[in-house]
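Colleague: Got coords_1.txt for you, compact mmCIF, C-alpha atoms:
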# COMPACT_ATOMS: atom_id res chain seq x y z
CA MET S 1 114.24 -2.39 196.86
CA PHE S 2 113.88 -0.90 193.43
CA SER S 3 112.88 -4.11 191.69
CA TYR S 4 109.61 -3.64 189.87
CA ARG S 5 107.51 -6.75 189.99
CA ARG S 6 105.22 -5.30 187.36
CA GLU S 7 107.92 -3.66 185.27
CA SER S 8 106.66 -3.31 181.74
CA GLY S 9 108.91 -4.14 178.85
CA PRO S 10 109.67 -1.75 175.98
CA ARG S 11 106.72 -3.22 174.08
CA LEU S 12 104.24 -1.84 176.61
CA ARG S 13 105.71 1.64 177.00
CA PRO S 14 103.66 3.35 174.27
CA SER S 15 100.48 1.99 175.88
CA THR S 16 101.59 3.18 179.32
CA ALA S 17 102.32 6.63 177.90
CA ARG S 18 98.88 6.72 176.28
CA PHE S 19 97.31 5.62 179.55
CA LEU S 20 98.98 8.49 181.40
CA ALA S 21 97.95 10.96 178.69
CA HIS S 22 94.36 9.78 178.85
CA ALA S 23 93.99 9.36 182.62
CA SER S 24 95.53 12.72 183.54
CA ALA S 25 93.12 15.54 184.31
CA TRP S 26 95.90 18.09 184.63
CA GLY S 27 99.54 18.60 183.84
CA CYS S 28 102.37 21.04 184.39
CA LEU S 29 103.31 23.04 181.34
CA ALA S 30 106.85 24.40 181.15
CA THR S 31 107.24 27.38 178.82
CA VAL S 32 109.97 29.88 177.96
CA SER S 33 109.05 33.03 179.84
CA ALA S 34 108.21 36.14 177.86
CA HIS S 35 107.98 38.27 180.99
CA GLU S 36 110.58 41.01 180.80
CA LYS S 37 112.12 40.32 184.21
CA ILE S 38 112.69 36.62 183.58
CA ALA S 39 112.70 36.59 179.78
CA GLY S 40 114.09 33.36 178.40
CA LEU S 41 113.92 31.49 181.70
CA PRO S 42 111.81 28.37 182.04
CA PHE S 43 108.41 28.99 183.60
CA GLY S 44 105.87 26.50 184.88
CA ASN S 45 102.13 26.36 185.33
CA CYS S 46 99.61 23.63 186.17
CA LEU S 47 96.67 23.41 183.80
CA PRO S 48 93.64 21.17 183.34
CA ILE S 49 93.98 18.95 180.28
CA SER S 50 92.09 16.31 178.33
CA ASP S 51 93.15 14.08 175.45
CA GLY S 52 89.53 13.44 174.55
CA PRO S 53 86.27 12.32 176.16
CA LEU S 54 86.65 9.28 178.44
CA ASN S 55 85.67 6.90 175.64
CA ASN S 56 87.84 8.52 172.97
CA SER S 57 91.55 8.95 173.69
CA THR S 58 93.54 10.80 171.04
CA GLY S 59 96.85 11.03 172.87
CA ILE S 60 96.85 14.76 172.09
CA PRO S 61 96.51 17.07 175.08
CA PHE S 62 93.89 19.79 174.72
CA PHE S 63 93.76 22.95 176.85
CA TYR S 64 91.16 25.64 177.58
CA VAL S 65 93.08 28.80 178.28
CA THR S 66 93.07 32.57 178.36
CA ALA S 67 95.74 34.96 177.14
CA LYS S 68 95.61 36.49 180.63
CA ASP S 69 97.50 33.45 181.90
CA PRO S 70 101.27 34.14 181.93
CA ALA S 71 101.96 30.68 180.45
CA VAL S 72 99.74 31.49 177.47
CA ALA S 73 101.43 34.88 177.06
CA ASP S 74 104.73 32.97 176.90
CA LEU S 75 103.37 30.66 174.20
CA MET S 76 102.39 33.62 172.03
CA LYS S 77 106.10 34.50 171.84
CA ASN S 78 107.53 30.98 171.84
CA PRO S 79 105.12 28.11 171.22
CA MET S 80 107.53 25.32 172.24
CA ALA S 81 106.64 23.74 175.56
CA SER S 82 106.88 20.60 177.68
CA LEU S 83 103.89 19.06 179.39
CA LEU S 84 104.63 16.97 182.45
CA LEU S 85 102.00 14.48 183.57
CA PRO S 86 103.17 13.50 187.00
CA GLU S 87 100.69 10.83 187.89
CA SER S 88 98.49 8.29 186.24
CA GLU S 89 95.43 8.86 188.36
CA GLY S 90 94.20 10.32 191.61
CA GLU S 91 96.86 10.42 194.25
CA PHE S 92 99.64 8.66 192.35
CA CYS S 93 102.07 11.56 192.10
CA ARG S 94 102.18 12.57 195.68
CA LYS S 95 102.10 9.02 196.94
CA ASN S 96 104.95 8.18 194.64
CA ILE S 97 107.22 11.05 195.43
CA VAL S 98 107.17 9.89 199.03
CA ASP S 99 107.10 6.23 198.07
CA PRO S 100 109.62 5.48 195.36
CA GLU S 101 108.94 1.78 195.63
CA ASP S 102 105.54 1.99 194.03
CA PRO S 103 105.92 -0.05 190.83
CA ARG S 104 103.13 1.83 189.09
CA CYS S 105 104.93 5.13 189.31
CA ALA S 106 105.65 6.73 185.97
CA ARG S 107 105.83 10.21 184.56
CA LEU S 108 105.17 11.28 181.04
CA THR S 109 106.67 14.34 179.38
CA LEU S 110 105.31 15.50 176.05
CA THR S 111 107.26 18.16 174.18
CA GLY S 112 106.10 20.10 171.17
CA GLN S 113 104.50 23.16 169.70
CA MET S 114 101.41 24.61 171.31
CA ILE S 115 98.86 25.80 168.77
CA ALA S 116 95.35 27.22 168.83
CA VAL S 117 92.74 24.63 167.85
CA SER S 118 91.40 25.22 164.32
CA PRO S 119 87.70 26.11 163.88
CA GLU S 120 86.91 22.60 162.54
CA GLU S 121 88.33 21.02 165.66
CA VAL S 122 86.76 23.33 168.26
CA GLU S 123 83.71 21.12 168.74
CA PHE S 124 85.90 18.12 169.54
CA ALA S 125 88.12 20.19 171.86
CA LYS S 126 85.00 21.41 173.67
CA GLN S 127 83.75 17.84 174.18
CA ALA S 128 87.19 16.74 175.30
CA MET S 129 87.60 19.50 177.89
CA PHE S 130 84.05 20.07 179.08
CA SER S 131 83.19 16.38 179.48
CA ARG S 132 86.08 15.99 181.89
CA HIS S 133 86.02 19.43 183.51
CA PRO S 134 82.32 20.33 183.59
CA VAL S 135 82.87 23.49 185.65
CA MET S 136 84.66 25.05 182.67
CA ARG S 137 81.30 25.72 181.05
CA LYS S 138 80.72 28.27 183.78
CA TRP S 139 84.05 30.05 183.55
CA PRO S 140 83.40 33.76 183.08
CA ARG S 141 83.27 34.79 179.44
CA GLN S 142 85.17 38.02 179.84
CA TYR S 143 88.42 36.08 180.13
CA GLU S 144 88.21 35.19 176.44
CA TRP S 145 88.93 31.48 176.75
CA PHE S 146 90.07 29.52 173.75
CA PHE S 147 91.28 26.01 172.99
CA MET S 148 94.87 24.99 172.41
CA LYS S 149 96.52 21.65 171.77
CA MET S 150 100.05 20.35 171.60
CA LYS S 151 101.57 19.13 168.36
CA ILE S 152 103.63 16.43 170.00
CA GLU S 153 107.22 16.10 168.82
CA HIS S 154 108.91 14.12 171.59
CA ILE S 155 107.58 11.65 174.14
CA TRP S 156 109.45 10.63 177.28
CA LEU S 157 108.31 8.08 179.78
CA GLN S 158 110.20 8.15 183.05
CA LYS S 159 109.91 5.47 185.66
CA TRP S 160 110.94 6.57 189.12
CA TYR S 161 114.74 6.60 188.72
CA GLY S 162 114.23 3.56 186.56
CA GLY S 163 115.38 5.46 183.51
CA VAL S 164 113.81 7.48 180.75
CA SER S 165 112.36 5.91 177.63
CA ASP S 166 112.10 7.77 174.37
CA ILE S 167 108.89 6.70 172.63
CA ALA S 168 108.45 7.05 168.89
CA ARG S 169 105.50 9.27 167.87
CA GLU S 170 104.16 6.58 165.55
CA GLU S 171 104.19 3.95 168.32
CA TYR S 172 102.53 6.39 170.72
CA PHE S 173 99.68 7.28 168.40
CA LYS S 174 98.90 3.74 167.35
CA ALA S 175 98.97 2.33 170.91
CA LEU S 176 95.86 1.76 173.01
CA PRO S 177 95.89 3.31 176.49
CA ARG S 178 96.80 0.57 178.96
CA LYS S 179 97.72 0.66 182.61
CA ALA S 180 101.25 -0.64 183.13
CA MET Q 181 81.62 35.32 190.28
CA PHE Q 182 85.28 36.19 190.54
CA SER Q 183 84.89 38.50 193.52
CA TYR Q 184 87.18 37.39 196.29
CA ARG Q 185 85.64 37.92 199.66
CA ARG Q 186 88.95 37.29 201.33
CA GLU Q 187 91.14 39.06 198.78
CA SER Q 188 94.37 40.10 200.44
CA GLY Q 189 95.84 43.53 199.76
CA PRO Q 190 99.39 44.13 198.54
CA ARG Q 191 100.52 44.35 202.16
CA LEU Q 192 99.71 40.70 202.77
CA ARG Q 193 101.20 39.26 199.59
CA PRO Q 194 104.72 38.55 200.93
CA SER Q 195 103.15 36.64 203.85
CA THR Q 196 100.91 34.67 201.47
CA ALA Q 197 103.93 33.82 199.34
CA ARG Q 198 105.84 32.66 202.42
CA PHE Q 199 102.84 30.61 203.49
CA LEU Q 200 102.77 28.83 200.13
CA ALA Q 201 106.53 28.24 200.24
CA HIS Q 202 106.30 26.77 203.73
CA ALA Q 203 103.10 24.74 203.34
CA SER Q 204 104.07 23.11 200.04
CA ALA Q 205 105.48 19.59 200.24
CA TRP Q 206 106.27 19.48 196.54
CA GLY Q 207 106.61 21.75 193.54
CA CYS Q 208 107.12 21.60 189.80
CA LEU Q 209 110.57 22.63 188.66
CA ALA Q 210 110.95 23.98 185.14
CA THR Q 211 114.47 23.71 183.73
CA VAL Q 212 116.18 24.26 180.39
CA SER Q 213 116.65 20.81 178.93
CA ALA Q 214 120.17 19.56 178.36
CA HIS Q 215 118.93 16.43 176.62
CA GLU Q 216 120.27 16.40 173.07
CA LYS Q 217 116.89 15.83 171.40
CA ILE Q 218 115.16 18.71 173.15
CA ALA Q 219 118.18 20.83 174.07
CA GLY Q 220 117.17 24.33 175.06
CA LEU Q 221 113.48 23.53 175.45
CA PRO Q 222 111.74 24.00 178.77
CA PHE Q 223 111.41 20.78 180.78
CA GLY Q 224 109.34 20.10 183.87
CA ASN Q 225 109.51 17.76 186.82
CA CYS Q 226 107.66 17.48 190.13
CA LEU Q 227 109.89 17.21 193.18
CA PRO Q 228 109.44 17.05 196.93
CA ILE Q 229 110.54 20.28 198.64
CA SER Q 230 110.86 21.84 202.07
CA ASP Q 231 111.69 25.38 203.13
CA GLY Q 232 112.64 24.15 206.61
CA PRO Q 233 111.21 22.06 209.44
CA LEU Q 234 107.57 22.85 210.25
CA ASN Q 235 108.58 25.25 213.03
CA ASN Q 236 111.31 27.01 211.05
CA SER Q 237 110.38 28.51 207.68
CA THR Q 238 113.25 30.02 205.70
CA GLY Q 239 111.38 30.79 202.49
CA ILE Q 240 114.17 28.97 200.63
CA PRO Q 241 113.19 25.73 198.90
CA PHE Q 242 115.49 22.79 199.57
CA PHE Q 243 115.63 19.65 197.43
CA TYR Q 244 117.04 16.13 197.82
CA VAL Q 245 118.01 14.96 194.38
CA THR Q 246 120.14 12.64 192.29
CA ALA Q 247 122.07 13.44 189.14
CA LYS Q 248 120.19 10.52 187.55
CA ASP Q 249 117.11 12.73 187.41
CA PRO Q 250 116.87 14.49 184.01
CA ALA Q 251 115.94 17.77 185.74
CA VAL Q 252 119.15 17.65 187.77
CA ALA Q 253 121.17 16.82 184.66
CA ASP Q 254 119.64 19.96 183.12
CA LEU Q 255 120.68 22.06 186.12
CA MET Q 256 124.29 20.93 185.80
CA LYS Q 257 124.37 22.65 182.41
CA ASN Q 258 122.08 25.58 183.21
CA PRO Q 259 121.30 26.26 186.88
CA MET Q 260 118.48 28.75 186.24
CA ALA Q 261 115.05 27.33 187.02
CA SER Q 262 111.51 28.19 188.05
CA LEU Q 263 109.73 26.44 190.88
CA LEU Q 264 105.94 26.44 190.70
CA LEU Q 265 104.04 25.79 193.91
CA PRO Q 266 100.54 25.14 192.67
CA GLU Q 267 98.68 24.81 195.91
CA SER Q 268 98.93 25.96 199.46
CA GLU Q 269 98.06 22.68 201.10
CA GLY Q 270 96.54 19.28 200.55
CA GLU Q 271 94.05 19.26 197.74
CA PHE Q 272 94.05 22.98 196.94
CA CYS Q 273 95.52 22.76 193.46
CA ARG Q 274 93.23 20.25 191.95
CA LYS Q 275 90.19 21.63 193.70
CA ASN Q 276 91.05 25.05 192.41
CA ILE Q 277 91.72 24.19 188.83
CA VAL Q 278 88.20 22.85 188.65
CA ASP Q 279 86.83 25.53 190.95
CA PRO Q 280 88.12 28.95 190.00
CA GLU Q 281 85.85 30.57 192.54
CA ASP Q 282 87.85 29.40 195.50
CA PRO Q 283 89.10 32.62 197.07
CA ARG Q 284 92.07 30.90 198.68
CA CYS Q 285 93.53 29.86 195.36
CA ALA Q 286 97.00 31.18 194.69
CA ARG Q 287 100.12 29.99 192.94
CA LEU Q 288 103.68 30.93 193.73
CA THR Q 289 106.54 30.87 191.25
CA LEU Q 290 110.10 31.23 192.50
CA THR Q 291 112.81 31.81 189.92
CA GLY Q 292 116.54 31.65 190.51
CA GLN Q 293 119.74 29.69 190.46
CA MET Q 294 119.79 26.13 191.74
CA ILE Q 295 122.92 25.35 193.73
CA ALA Q 296 124.26 22.44 195.76
CA VAL Q 297 123.95 23.02 199.50
CA SER Q 298 127.32 23.85 201.09
CA PRO Q 299 128.78 21.40 203.66
CA GLU Q 300 127.94 23.80 206.54
CA GLU Q 301 124.30 23.84 205.53
CA VAL Q 302 123.84 20.12 204.88
CA GLU Q 303 122.65 19.41 208.43
CA PHE Q 304 119.90 22.03 208.13
CA ALA Q 305 118.91 20.80 204.67
CA LYS Q 306 118.67 17.27 206.05
CA GLN Q 307 116.40 18.41 208.89
CA ALA Q 308 114.31 20.43 206.46
CA MET Q 309 113.78 17.59 204.00
CA PHE Q 310 113.73 14.51 206.22
CA SER Q 311 111.40 16.01 208.85
CA ARG Q 312 108.79 16.57 206.18
CA HIS Q 313 109.50 13.59 203.94
CA PRO Q 314 110.57 10.85 206.39
CA VAL Q 315 110.69 8.13 203.73
CA MET Q 316 113.67 9.90 202.14
CA ARG Q 317 115.90 8.44 204.83
CA LYS Q 318 115.31 5.07 203.25
CA TRP Q 319 115.99 6.06 199.65
CA PRO Q 320 118.63 3.70 198.22
CA ARG Q 321 122.14 5.03 198.65
CA GLN Q 322 123.40 3.98 195.25
CA TYR Q 323 121.53 6.87 193.65
CA GLU Q 324 123.98 9.33 195.21
CA TRP Q 325 121.46 11.78 196.60
CA PHE Q 326 122.52 15.29 197.51
CA PHE Q 327 120.89 18.51 198.64
CA MET Q 328 120.18 21.51 196.48
CA LYS Q 329 118.49 24.82 197.17
CA MET Q 330 117.29 27.73 195.11
CA LYS Q 331 118.94 31.15 195.35
CA ILE Q 332 115.72 33.05 194.80
CA GLU Q 333 115.90 35.98 192.39
CA HIS Q 334 112.27 36.62 191.46
CA ILE Q 335 109.01 35.93 193.28
CA TRP Q 336 105.62 35.87 191.59
CA LEU Q 337 102.31 35.36 193.30
CA GLN Q 338 99.42 34.60 190.97
CA LYS Q 339 95.83 34.56 192.04
CA TRP Q 340 93.55 32.60 189.78
CA TYR Q 341 93.28 34.98 186.83
CA GLY Q 342 93.32 37.73 189.41
CA GLY Q 343 96.67 38.92 188.18
CA VAL Q 344 100.30 38.36 189.00
CA SER Q 345 102.10 40.19 191.78
CA ASP Q 346 105.83 40.72 191.74
CA ILE Q 347 107.11 40.47 195.32
CA ALA Q 348 110.39 42.07 196.38
CA ARG Q 349 112.95 39.61 197.76
CA GLU Q 350 113.45 41.72 200.86
CA GLU Q 351 109.72 41.78 201.62
CA TYR Q 352 109.49 38.05 201.04
CA PHE Q 353 112.32 37.15 203.38
CA LYS Q 354 111.22 39.40 206.20
CA ALA Q 355 107.55 38.32 206.07
CA LEU Q 356 106.05 35.70 208.35
CA PRO Q 357 104.16 32.86 206.65
CA ARG Q 358 100.47 33.65 206.84
CA LYS Q 359 97.45 32.12 205.16
CA ALA Q 360 95.74 34.69 202.94
Can you give me the file's structure in the form of structure tokens?
Modeller:
Amino acid sequence: MFSYRRESGPRLRPSTARFLAHASAWGCLATVSAHEKIAGLPFGNCLPISDGPLNNSTGIPFFYVTAKDPAVADLMKNPMASLLLPESEGEFCRKNIVDPEDPRCARLTLTGQMIAVSPEEVEFAKQAMFSRHPVMRKWPRQYEWFFMKMKIEHIWLQKWYGGVSDIAREEYFKALPRKA
Amino acid sequence: MFSYRRESGPRLRPSTARFLAHASAWGCLATVSAHEKIAGLPFGNCLPISDGPLNNSTGIPFFYVTAKDPAVADLMKNPMASLLLPESEGEFCRKNIVDPEDPRCARLTLTGQMIAVSPEEVEFAKQAMFSRHPVMRKWPRQYEWFFMKMKIEHIWLQKWYGGVSDIAREEYFKALPRKA
């Protein structure tokens, strides 16, 4: 029942991880809460992401955020976070959580430090985010949006109860995005 | 642009929160990682949930999990977690994150202790989960599935950059689920 006909070997995992990072339009960011009532507890939020324009995958998730978001307020106190990308495209996640037999099902977790994008990189971050989330251009200016990115430290690829693979940063960054 | 025609007042927030808890078929659980390489960091996972059969909302999220899941392994070491419910139904979440003008957009975060369901409550948990996720009945037995639930301690309702409301537990549990 849980045999994966298209199971990818260890060799393909970095490419699968890069595919998930590139294909995902949003992810769930887990932070350490800075809110006084739940200080120190894990907190989660779903945010739009982009690892680059469609023709230029970097593997690095970029974000367009405002300090008014509780998750961003958390990051100001503790920049370490995990980004969960629950699906590779479209309806994968929800189909998979009710259909564990789907061999394409995989989840990627990226863990690292969240930092503001430097002035030199803002133009790239803007292309990355706005090309894939065009409505962002119209988000109201008074919310003081800015760009963040994750400095990835750990990469986990989880197949549906098929185990968790630890992927080396070097392998991840040199891989080409490829659907498993 | 950000004026909500259907903005609900404070009086309706507990009902909106209960609506989100009842309508959501899945949520993102943020835990404190027990994995040696990222010990203590926040970790996220998306899981199917149910707060009861469709005609019986309890406001309490139930889960059907296996210790093989890294999130569950985390909970064995530290049972405190946050559950993010990013959408009220169907496509809300992803529509909203690219359409911040949608007045129905709201996110619920429940924070508390994750515990195994007691033997007396297993039958209810089974009805809650299996009635809304029928495929679970077929999940392979060797994964040693069991039921968990969250003992809710804090309730946050966030409108899209419209602020975060702290909802009292008592108000939450006595409210009837109602679409904002």
Colleague: So which residues touch Gln158 in chain S within 7 Å, counting all atoms listed in the file, skipping near sequence neighbours fewer than 3 positions away, as JSON, numbers by chain?
Modeller: {"S": [106, 107, 108, 163, 164, 165]}
Colleague: Do a least-squares overlay of chain Q on chain S, C-alpha atoms all paired in order, then report the RMSD in Å.
Modeller: 0.0 Å
Colleague: Can you check which parts of chain S lie within 6 Å of chain Q? Per residue, the shortest pair of atoms and distance in Å to one decimal, counting only C-alpha atoms, sorted by chain and number, as a Markdown table.
Modeller:
| residue | atom | partner | partner_atom | distance |
| --- | --- | --- | --- | --- |
| S:Ala30 | CA | Q:Pro222 | CA | 5.5 |
| S:Thr31 | CA | Q:Pro222 | CA | 5.6 |
| S:Pro42 | CA | Q:Ala210 | CA | 5.4 |
| S:Phe43 | CA | Q:Ser262 | CA | 5.5 |
| S:Gly44 | CA | Q:Ala210 | CA | 5.7 |
| S:Ser82 | CA | Q:Phe223 | CA | 5.5 |
| S:Leu84 | CA | Q:Gly224 | CA | 5.8 |
Colleague: Interatomic distance between CA of Asn55 in chain S and CA of Phe146 in chain S?
Modeller: 23.1 Å
Colleague: Report, in Å with one decimal, the straight-line distance from CA of Pro79 in chain S to CA of Trp145 in chain S.
Modeller: 17.4 Å
Colleague: Could you jot down the CA of Ala21 in chain S to CA of Ile49 in chain S separation for me, Å, one decimal place?
Modeller: 9.1 Å
Colleague: Just checking: using all atoms listed in the file, which residue out of Q:Asn236, Q:Ser230, Q:Gln322, Q:Gln307 ends up closest to Pro357 in chain Q?
Modeller: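 Between Q:Asn236, Q:Ser230, Q:Gln322, Q:Gln307, the residue approaching Pro357 in chain Q most closely is Q:Asn236.
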Colleague: Quick one: residues within 10 Å of Phe124 in chain S, all atoms listed in the file counted, chain neighbours fewer than 6 positions away excluded, as a list of chain:residue names?
Modeller: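 Near neighbours after the sequence-gap exclusion: S:Gly52, S:Pro53, S:Phe62, S:Val117, S:Phe130.
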Colleague: Would you export the selected residues with C-alpha atoms as an mmCIF file, in the frame of the given file, please?
Modeller:
data_model
loop_
_atom_site.group_PDB
_atom_site.id
_atom_site.type_symbol
_atom_site.label_atom_id
_atom_site.label_comp_id
_atom_site.auth_asym_id
_atom_site.auth_seq_id
_atom_site.Cartn_x
_atom_site.Cartn_y
_atom_site.Cartn_z
ATOM 1 C CA GLY S 52 89.530 13.440 174.550
ATOM 2 C CA PRO S 53 86.270 12.320 176.160
ATOM 3 C CA PHE S 62 93.890 19.790 174.720
ATOM 4 C CA VAL S 117 92.740 24.630 167.850
ATOM 5 C CA PHE S 130 84.050 20.070 179.080
#
Colleague: Within 12 Å of Glu171 in chain S, counting only C-alpha atoms, which residues show up once you throw out same-chain ones fewer than 2 positions away? Write them as a VMD selection string, please.
Modeller: chain S and resid 10 to 18 59 154 to 155 166 to 169 173 to 177
Colleague: My list of candidates is S:Asp74, S:Glu170, S:Glu144, S:Glu120. Which is closest to Ala39 in chain S when distances are computed with only C-alpha atoms?
Modeller: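 The shortest atom-to-atom distance to Ala39 in chain S comes from S:Asp74.
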